[in-house]
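Structure file my_file29.txt (compact mmCIF, C-alpha atoms and all ligand atoms) is printed below.
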```
# COMPACT_ATOMS: atom_id res chain seq x y z
CA MET A 286 -23.06 13.61 -44.68
CA VAL A 287 -22.75 16.07 -41.85
CA LEU A 288 -26.01 14.77 -40.41
CA LEU A 289 -24.82 11.20 -40.67
CA THR A 290 -21.56 11.96 -38.89
CA SER A 291 -23.20 13.82 -36.06
CA SER A 292 -25.87 11.17 -35.55
CA LEU A 293 -23.16 8.52 -35.41
CA THR A 294 -21.33 10.51 -32.77
CA VAL A 295 -24.49 10.91 -30.72
CA ALA A 296 -25.25 7.23 -31.15
CA SER A 297 -21.85 6.15 -29.95
CA LEU A 298 -21.98 8.50 -26.97
CA GLY A 299 -25.48 7.32 -26.13
CA LEU A 300 -24.46 3.71 -26.39
CA ALA A 301 -21.56 4.33 -24.08
CA GLY A 302 -24.09 4.00 -21.33
CA CYS A 303 -25.75 0.84 -22.60
CA GLY A 304 -23.51 -1.52 -20.78
CA THR A 305 -23.59 0.44 -17.56
CA PRO A 306 -26.84 -0.75 -16.00
CA ALA A 307 -25.83 -4.32 -16.73
CA ALA A 308 -22.39 -3.76 -15.21
CA GLN A 309 -23.93 -2.28 -12.10
CA SER A 310 -26.72 -4.74 -11.64
CA GLY A 311 -24.84 -7.85 -12.61
CA GLY A 312 -26.41 -8.12 -16.06
CA GLN A 313 -30.14 -7.70 -16.44
CA GLY A 314 -31.40 -10.33 -18.82
CA GLY A 315 -28.41 -9.92 -21.10
CA SER A 316 -29.30 -6.33 -21.97
CA ALA A 317 -25.57 -5.60 -22.28
CA ASP A 318 -25.49 -7.81 -25.34
CA GLN A 319 -28.23 -5.94 -27.21
CA GLY A 320 -25.86 -3.10 -28.03
CA VAL A 321 -24.15 -3.02 -31.39
CA LEU A 322 -20.54 -4.05 -31.67
CA THR A 323 -19.40 -0.46 -32.11
CA GLU A 324 -20.68 0.69 -28.70
CA THR A 325 -18.13 2.63 -26.72
CA LEU A 326 -17.47 1.29 -23.27
CA VAL A 327 -15.54 3.06 -20.56
CA LEU A 328 -15.28 0.97 -17.40
CA ALA A 329 -13.61 1.49 -14.05
CA SER A 330 -13.14 -1.16 -11.43
CA PHE A 331 -14.40 0.46 -8.21
CA TYR A 332 -15.68 3.73 -6.75
CA PRO A 333 -12.68 6.09 -6.47
CA LEU A 334 -11.58 5.18 -10.01
CA VAL A 335 -15.16 5.40 -11.34
CA TRP A 336 -15.53 8.84 -9.77
CA LEU A 337 -12.17 10.05 -11.08
CA THR A 338 -12.90 8.75 -14.60
CA GLU A 339 -16.33 10.42 -14.56
CA GLN A 340 -14.79 13.75 -13.55
CA VAL A 341 -12.34 13.62 -16.47
CA ALA A 342 -14.79 12.13 -19.00
CA GLY A 343 -17.50 14.72 -18.36
CA PRO A 344 -21.28 14.42 -18.41
CA ASP A 345 -21.65 12.97 -21.94
CA ILE A 346 -19.76 9.74 -21.28
CA THR A 347 -21.12 7.05 -18.99
CA VAL A 348 -18.55 5.22 -16.92
CA GLY A 349 -19.54 1.69 -15.93
CA SER A 350 -18.49 0.25 -12.58
CA LEU A 351 -17.22 -3.34 -12.35
CA THR A 352 -18.00 -3.39 -8.63
CA LEU A 353 -21.71 -3.64 -7.90
CA PRO A 354 -23.25 -0.83 -5.81
CA GLY A 355 -22.59 -1.37 -2.13
CA ALA A 356 -20.35 -4.39 -2.78
CA GLU A 357 -16.98 -4.58 -1.10
CA PRO A 358 -14.31 -4.25 -3.82
CA HIS A 359 -11.80 -6.55 -2.09
CA ASP A 360 -13.90 -9.61 -2.95
CA THR A 361 -15.53 -8.57 -6.22
CA GLU A 362 -16.81 -11.38 -8.43
CA LEU A 363 -17.63 -10.66 -12.08
CA THR A 364 -20.61 -12.03 -13.96
CA PRO A 365 -20.02 -13.61 -17.39
CA ALA A 366 -21.75 -10.53 -18.89
CA GLN A 367 -19.25 -8.24 -17.16
CA VAL A 368 -16.31 -10.31 -18.37
CA ALA A 369 -17.66 -10.10 -21.93
CA GLN A 370 -18.07 -6.35 -21.48
CA LEU A 371 -14.46 -6.01 -20.37
CA GLY A 372 -13.36 -7.68 -23.58
CA ARG A 373 -15.31 -5.11 -25.61
CA ALA A 374 -14.24 -2.11 -23.51
CA ASP A 375 -12.44 0.78 -25.18
CA LEU A 376 -10.94 1.84 -21.87
CA VAL A 377 -10.68 0.18 -18.45
CA VAL A 378 -9.37 2.06 -15.43
CA THR A 379 -8.31 -0.33 -12.71
CA LEU A 380 -5.98 -1.01 -9.78
CA SER A 381 -4.24 -4.34 -10.19
CA GLY A 382 -3.67 -6.24 -6.97
CA LEU A 383 -6.93 -5.14 -5.30
CA GLN A 384 -9.50 -7.28 -7.11
CA PRO A 385 -8.15 -10.65 -8.30
CA ALA A 386 -11.31 -11.40 -10.35
CA VAL A 387 -10.87 -8.15 -12.30
CA ASP A 388 -7.14 -8.75 -12.83
CA GLN A 389 -7.86 -12.21 -14.16
CA ALA A 390 -10.66 -11.04 -16.47
CA ILE A 391 -8.46 -8.28 -17.89
CA ALA A 392 -5.63 -10.76 -18.50
CA THR A 393 -8.03 -13.09 -20.30
CA THR A 394 -10.13 -10.63 -22.32
CA LYS A 395 -7.36 -8.09 -23.11
CA PRO A 396 -9.40 -4.86 -23.41
CA SER A 397 -7.94 -2.39 -25.93
CA ARG A 398 -6.82 0.21 -23.36
CA VAL A 399 -6.10 -0.24 -19.66
CA VAL A 400 -4.99 2.42 -17.18
CA ASP A 401 -3.62 0.50 -14.20
CA ALA A 402 -3.25 2.82 -11.20
CA ALA A 403 -0.77 0.40 -9.64
CA GLN A 404 1.67 1.29 -12.44
CA ILE A 405 1.31 5.02 -11.76
CA VAL A 406 1.02 5.65 -8.02
CA PHE A 407 3.43 4.77 -5.22
CA ILE A 408 2.16 1.68 -3.45
CA ASP A 409 3.42 -1.38 -1.66
CA ALA A 410 1.27 -4.32 -0.51
CA ASP A 411 -1.38 -1.86 0.72
CA PRO A 412 -3.71 -0.94 -2.17
CA HIS A 413 -5.58 2.00 -0.51
CA PHE A 414 -3.69 4.81 -2.27
CA TRP A 415 -6.87 6.81 -3.04
CA LEU A 416 -7.17 7.91 0.59
CA ASP A 417 -4.15 10.13 -0.10
CA PRO A 418 -5.62 12.73 -2.52
CA SER A 419 -2.17 13.69 -3.81
CA GLN A 420 -1.77 10.10 -5.04
CA LEU A 421 -5.26 9.95 -6.59
CA ALA A 422 -4.37 13.12 -8.52
CA LEU A 423 -1.64 11.20 -10.35
CA ILE A 424 -4.25 9.17 -12.26
CA ALA A 425 -6.08 12.15 -13.81
CA GLN A 426 -3.75 12.89 -16.75
CA PRO A 427 -3.23 9.24 -17.76
CA VAL A 428 -7.04 8.80 -17.81
CA ALA A 429 -7.38 11.98 -19.91
CA GLU A 430 -4.75 10.74 -22.38
CA HIS A 431 -6.45 7.39 -22.82
CA LEU A 432 -9.93 8.94 -23.13
CA SER A 433 -8.47 11.17 -25.85
CA GLN A 434 -7.46 8.09 -27.82
CA VAL A 435 -11.07 6.85 -27.69
CA PHE A 436 -12.74 10.25 -28.26
CA PRO A 437 -10.09 12.35 -30.09
CA ASP A 438 -12.52 15.26 -30.66
CA SER A 439 -12.74 15.88 -26.91
CA THR A 440 -9.00 15.92 -26.13
CA THR A 441 -9.02 19.53 -24.92
CA ASP A 442 -12.04 18.97 -22.68
CA PHE A 443 -10.48 15.92 -21.05
CA SER A 444 -7.23 17.73 -20.44
CA GLU A 445 -9.02 20.75 -18.91
CA ARG A 446 -11.17 18.56 -16.67
CA ALA A 447 -8.13 16.56 -15.56
CA ASN A 448 -6.37 19.80 -14.61
CA GLN A 449 -9.42 20.99 -12.69
CA LEU A 450 -9.65 17.66 -10.89
CA MET A 451 -5.97 17.80 -9.95
CA ASP A 452 -6.49 21.32 -8.57
CA ASP A 453 -9.43 20.03 -6.48
CA LEU A 454 -7.43 17.09 -5.16
CA TYR A 455 -4.36 19.19 -4.29
CA GLN A 456 -6.66 21.68 -2.55
CA LEU A 457 -8.10 18.79 -0.50
CA ASP A 458 -4.54 17.64 0.22
CA ARG A 459 -3.69 21.12 1.59
CA GLU A 460 -6.84 21.11 3.74
CA PHE A 461 -5.79 17.77 5.26
CA ALA A 462 -2.22 18.94 5.83
CA GLN A 463 -3.41 22.17 7.50
CA GLY A 464 -6.27 20.53 9.39
CA LEU A 465 -4.06 17.86 10.90
CA THR A 466 -0.95 19.96 11.67
CA ASP A 467 -1.75 20.18 15.38
CA LEU A 468 -2.37 16.44 15.51
CA SER A 469 0.99 15.38 14.12
CA GLY A 470 2.02 12.05 15.64
CA ALA A 471 -1.49 11.24 16.89
CA ALA A 472 -2.44 7.56 16.93
CA MET A 473 -5.26 6.70 14.55
CA VAL A 474 -6.83 3.37 15.53
CA THR A 475 -8.90 1.76 12.77
CA THR A 476 -10.47 -1.65 12.27
CA HIS A 477 -9.49 -2.24 8.60
CA ALA A 478 -5.96 -1.27 7.50
CA ALA A 479 -7.19 1.18 4.84
CA PHE A 480 -5.73 4.47 6.09
CA GLY A 481 -1.99 3.79 6.00
CA TYR A 482 -1.19 6.19 3.13
CA LEU A 483 -3.43 8.89 4.58
CA ALA A 484 -1.69 8.55 7.96
CA GLN A 485 1.74 8.57 6.32
CA ARG A 486 0.95 11.66 4.26
CA TYR A 487 -0.36 13.72 7.17
CA GLY A 488 1.93 12.57 9.98
CA LEU A 489 -0.47 10.32 11.88
CA THR A 490 0.38 6.90 13.30
CA ALA A 491 -1.98 4.28 11.86
CA ILE A 492 -2.77 1.31 14.08
CA SER A 493 -5.21 -1.20 12.62
CA ILE A 494 -6.91 -4.07 14.38
CA ALA A 495 -7.62 -6.16 11.25
CA GLY A 496 -5.56 -6.42 8.10
CA ILE A 497 -5.72 -4.92 4.62
CA ASP A 498 -8.61 -7.19 3.67
CA PRO A 499 -11.60 -6.21 5.84
CA GLU A 500 -12.83 -9.81 5.81
CA GLN A 501 -9.87 -10.93 7.92
CA GLU A 502 -10.75 -11.60 11.56
CA PRO A 503 -8.18 -10.21 13.97
CA SER A 504 -6.60 -12.76 16.30
CA PRO A 505 -6.84 -12.40 20.11
CA ALA A 506 -3.07 -11.87 20.06
CA ARG A 507 -3.44 -8.94 17.66
CA LEU A 508 -6.14 -7.41 19.87
CA ARG A 509 -3.88 -7.69 22.94
CA GLN A 510 -1.06 -6.09 20.95
CA VAL A 511 -3.26 -3.15 19.88
CA ARG A 512 -4.44 -2.64 23.47
CA GLN A 513 -0.80 -2.46 24.57
CA GLU A 514 0.18 -0.09 21.76
CA ILE A 515 -2.54 2.41 22.62
CA GLU A 516 -2.36 2.18 26.39
CA GLY A 517 -1.91 5.56 28.00
CA LEU A 518 -2.45 7.49 24.74
CA GLY A 519 -5.84 8.81 25.85
CA ILE A 520 -7.48 7.47 22.68
CA LYS A 521 -10.97 8.96 22.27
CA ALA A 522 -12.13 6.98 19.25
CA VAL A 523 -11.71 3.65 17.51
CA PHE A 524 -12.51 4.20 13.84
CA SER A 525 -14.73 1.72 12.03
CA GLU A 526 -14.92 1.78 8.25
CA SER A 527 -18.12 -0.19 7.65
CA PRO A 528 -21.25 -1.48 9.41
CA GLY A 529 -19.56 -4.91 9.46
CA ALA A 530 -16.66 -3.52 11.49
CA ASP A 531 -18.74 -1.57 14.03
CA LYS A 532 -18.90 -4.49 16.46
CA LEU A 533 -15.14 -4.87 16.55
CA ALA A 534 -14.59 -1.13 16.94
CA THR A 535 -17.22 -0.90 19.67
CA ALA A 536 -15.75 -3.84 21.59
CA LEU A 537 -12.29 -2.29 21.71
CA ALA A 538 -13.67 1.21 22.32
CA ASN A 539 -15.71 -0.01 25.31
CA GLU A 540 -12.66 -1.66 26.80
CA ILE A 541 -10.55 1.47 26.67
CA GLY A 542 -13.29 3.98 27.47
CA ALA A 543 -13.43 5.38 23.94
CA GLN A 544 -16.15 5.65 21.28
CA ALA A 545 -16.56 3.80 18.00
CA VAL A 546 -16.68 6.38 15.19
CA ARG A 547 -17.25 5.79 11.47
CA LEU A 548 -14.68 6.84 8.86
CA ASN A 549 -15.43 6.25 5.18
CA PRO A 550 -12.65 4.45 3.25
CA LEU A 551 -14.43 5.30 -0.04
CA GLU A 552 -14.24 1.78 -1.36
CA THR A 553 -17.87 2.11 -2.44
CA LYS A 554 -19.96 5.06 -3.62
CA PRO A 555 -21.01 7.16 -0.62
CA ASP A 556 -24.75 7.37 0.11
CA SER A 557 -24.59 11.10 -0.54
CA GLY A 558 -21.96 13.43 -1.91
CA ASP A 559 -18.82 12.23 -3.63
CA TYR A 560 -15.13 11.59 -3.02
CA LEU A 561 -14.36 15.21 -2.15
CA THR A 562 -17.24 15.80 0.27
CA THR A 563 -16.70 12.42 1.95
CA MET A 564 -12.97 13.07 2.39
CA ARG A 565 -13.79 16.46 3.95
CA ALA A 566 -16.19 14.71 6.33
CA ASN A 567 -13.40 12.24 7.18
CA LEU A 568 -11.08 15.17 7.90
CA GLU A 569 -13.64 16.69 10.30
CA THR A 570 -14.08 13.30 12.00
CA LEU A 571 -10.32 13.00 12.46
CA ARG A 572 -9.98 16.54 13.77
CA THR A 573 -12.79 15.95 16.29
CA ASN A 574 -11.65 12.55 17.51
CA LEU A 575 -7.86 12.36 17.39
CA VAL A 576 -5.84 13.25 20.46
CA PRO A 577 -2.53 15.10 20.00
CA PRO A 578 0.41 13.19 21.47
CA ALA A 579 1.33 14.33 24.98
ZN ZN B 601 -9.86 -1.90 1.74
```

Write out the structure in this file as structure tokens.
Amino acid sequence: MVLLTSSLTVASLGLAGCGTPAAQSGGQGGSADQGVLTETLVLASFYPLVWLTEQVAGPDITVGSLTLPGAEPHDTELTPAQVAQLGRADLVVTLSGLQPAVDQAIATTKPSRVVDAAQIVFIDADPHFWLDPSQLALIAQPVAEHLSQVFPDSTTDFSERANQLMDDLYQLDREFAQGLTDLSGAAMVTTHAAFGYLAQRYGLTAISIAGIDPEQEPSPARLRQVRQEIEGLGIKAVFSESPGADKLATALANEIGAQAVRLNPLETKPDSGDYLTTMRANLETLRTNLVPPA
């Protein structure tokens, strides 16, 4: 009996990962459907929430991503296999309002447990709350509580990991606050409007060329407006958040005698490191390239 119980536990933990490759690759030959009905599925909608859920869940639980590797979360499309997976999920961690296809699939398939970051953090029309680590920290305990409902035996582990994660995120928050003290009021010119909460938290003035959705093309009028706003500020860098935005950043930078510099908005998994290391790299980039107000 003991053997049976433990092998069932191992089986369900092992199967937790079954859906993951399909979720990440868009469904390889229907492999997601070969699992048994009792498989445990923990899904998160895009990188910062996948990372956070992984930190709380620990190494034995696989967290599937609904956004394919390298894909831009703003315009995620789901495959039929992913929609079916959502319906079977034991827990989905998401941010409503960012990915309409995910919102719609959740409304249709009604997964048993959903943690919606938009119900927990403080946001307006701008979804990019995760670039303020003190806001990302708010999701840790709700994720731990919901994981505990799915895996009640691991409640203490989830709670401890959530506390550790919150410590790490508040530490990062202090590093940003300290690192940017001397730059209070500095203008931070970006292509995509992803850094509004970060700027607000640490006393910077965010000026973005394009809108919240990186696919939006800025109008010539908007470009003229940005040039006027930053005139005379001695701007050293125009920040680009993706290869697709480099051209726009370079064009404006050339005009004003500045450089185009990459910042990572962490919408997708970084090529190396994780949320914490990438945010620290962003902090260094800001410290090097921002100019304190005169
Ligand atoms: Zn974005």

Problem set entry | 10 Å contact set for Tyr487 (chain A), only C-alpha atoms, chain neighbours under 2 positions out, as a ChimeraX atom specification | /A:417,458-459,461-466,468-470,482-485,489-490

Exercise. Near region 351-358 of chain A, within 12 Å and counting all atoms listed in the file, which residues show up once chain neighbours fewer than 5 positions away are dropped, as a ChimeraX atom specification?
Worked result: /A:304-312,326-335,363-371,374,377-388,390-391,412-413,498-500,526-529,550-556

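With CA of Gly496 (chain A) on one side and CA of Val399 (chain A) on the other, the separation reads 28.4 Å.
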
At a cut-off of 10 Å, using all atoms listed in the file, what residues contact Arg512 (chain A)? Leave out same-chain residues fewer than 4 positions from it and give the result as a PDB file with C-alpha atoms, in the frame of the given file.
```pdb
ATOM      1  CA  ILE A 494      -6.910  -4.070  14.380  1.00  0.00           C
ATOM      2  CA  ALA A 506      -3.070 -11.870  20.060  1.00  0.00           C
ATOM      3  CA  ARG A 507      -3.440  -8.940  17.660  1.00  0.00           C
ATOM      4  CA  LEU A 508      -6.140  -7.410  19.870  1.00  0.00           C
ATOM      5  CA  GLU A 516      -2.360   2.180  26.390  1.00  0.00           C
ATOM      6  CA  GLY A 517      -1.910   5.560  28.000  1.00  0.00           C
ATOM      7  CA  LEU A 537     -12.290  -2.290  21.710  1.00  0.00           C
ATOM      8  CA  GLU A 540     -12.660  -1.660  26.800  1.00  0.00           C
ATOM      9  CA  ILE A 541     -10.550   1.470  26.670  1.00  0.00           C
TER      10      ILE A 541
END
```

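Minimum distance to ligand ZN 601 (chain B) across A:Lys532, A:Arg565, A:Arg446, A:His477 (counting all atoms listed in the file) occurs at A:His477.
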
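Closest to ligand ZN 601 (chain B) among A:Pro344, A:Pro437, A:Pro427, A:Gly481 is A:Gly481, based on all atoms listed in the file.
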
For this session: Find the residues around region 542-549 of chain A up to 9 Å (all atoms listed in the file counted), leave out those fewer than 6 positions away in its own chain, and share them as an MDAnalysis selection string.
Result: chainID A and resid 475 519:528 531:536 555 563:564 566:567 570:571 574
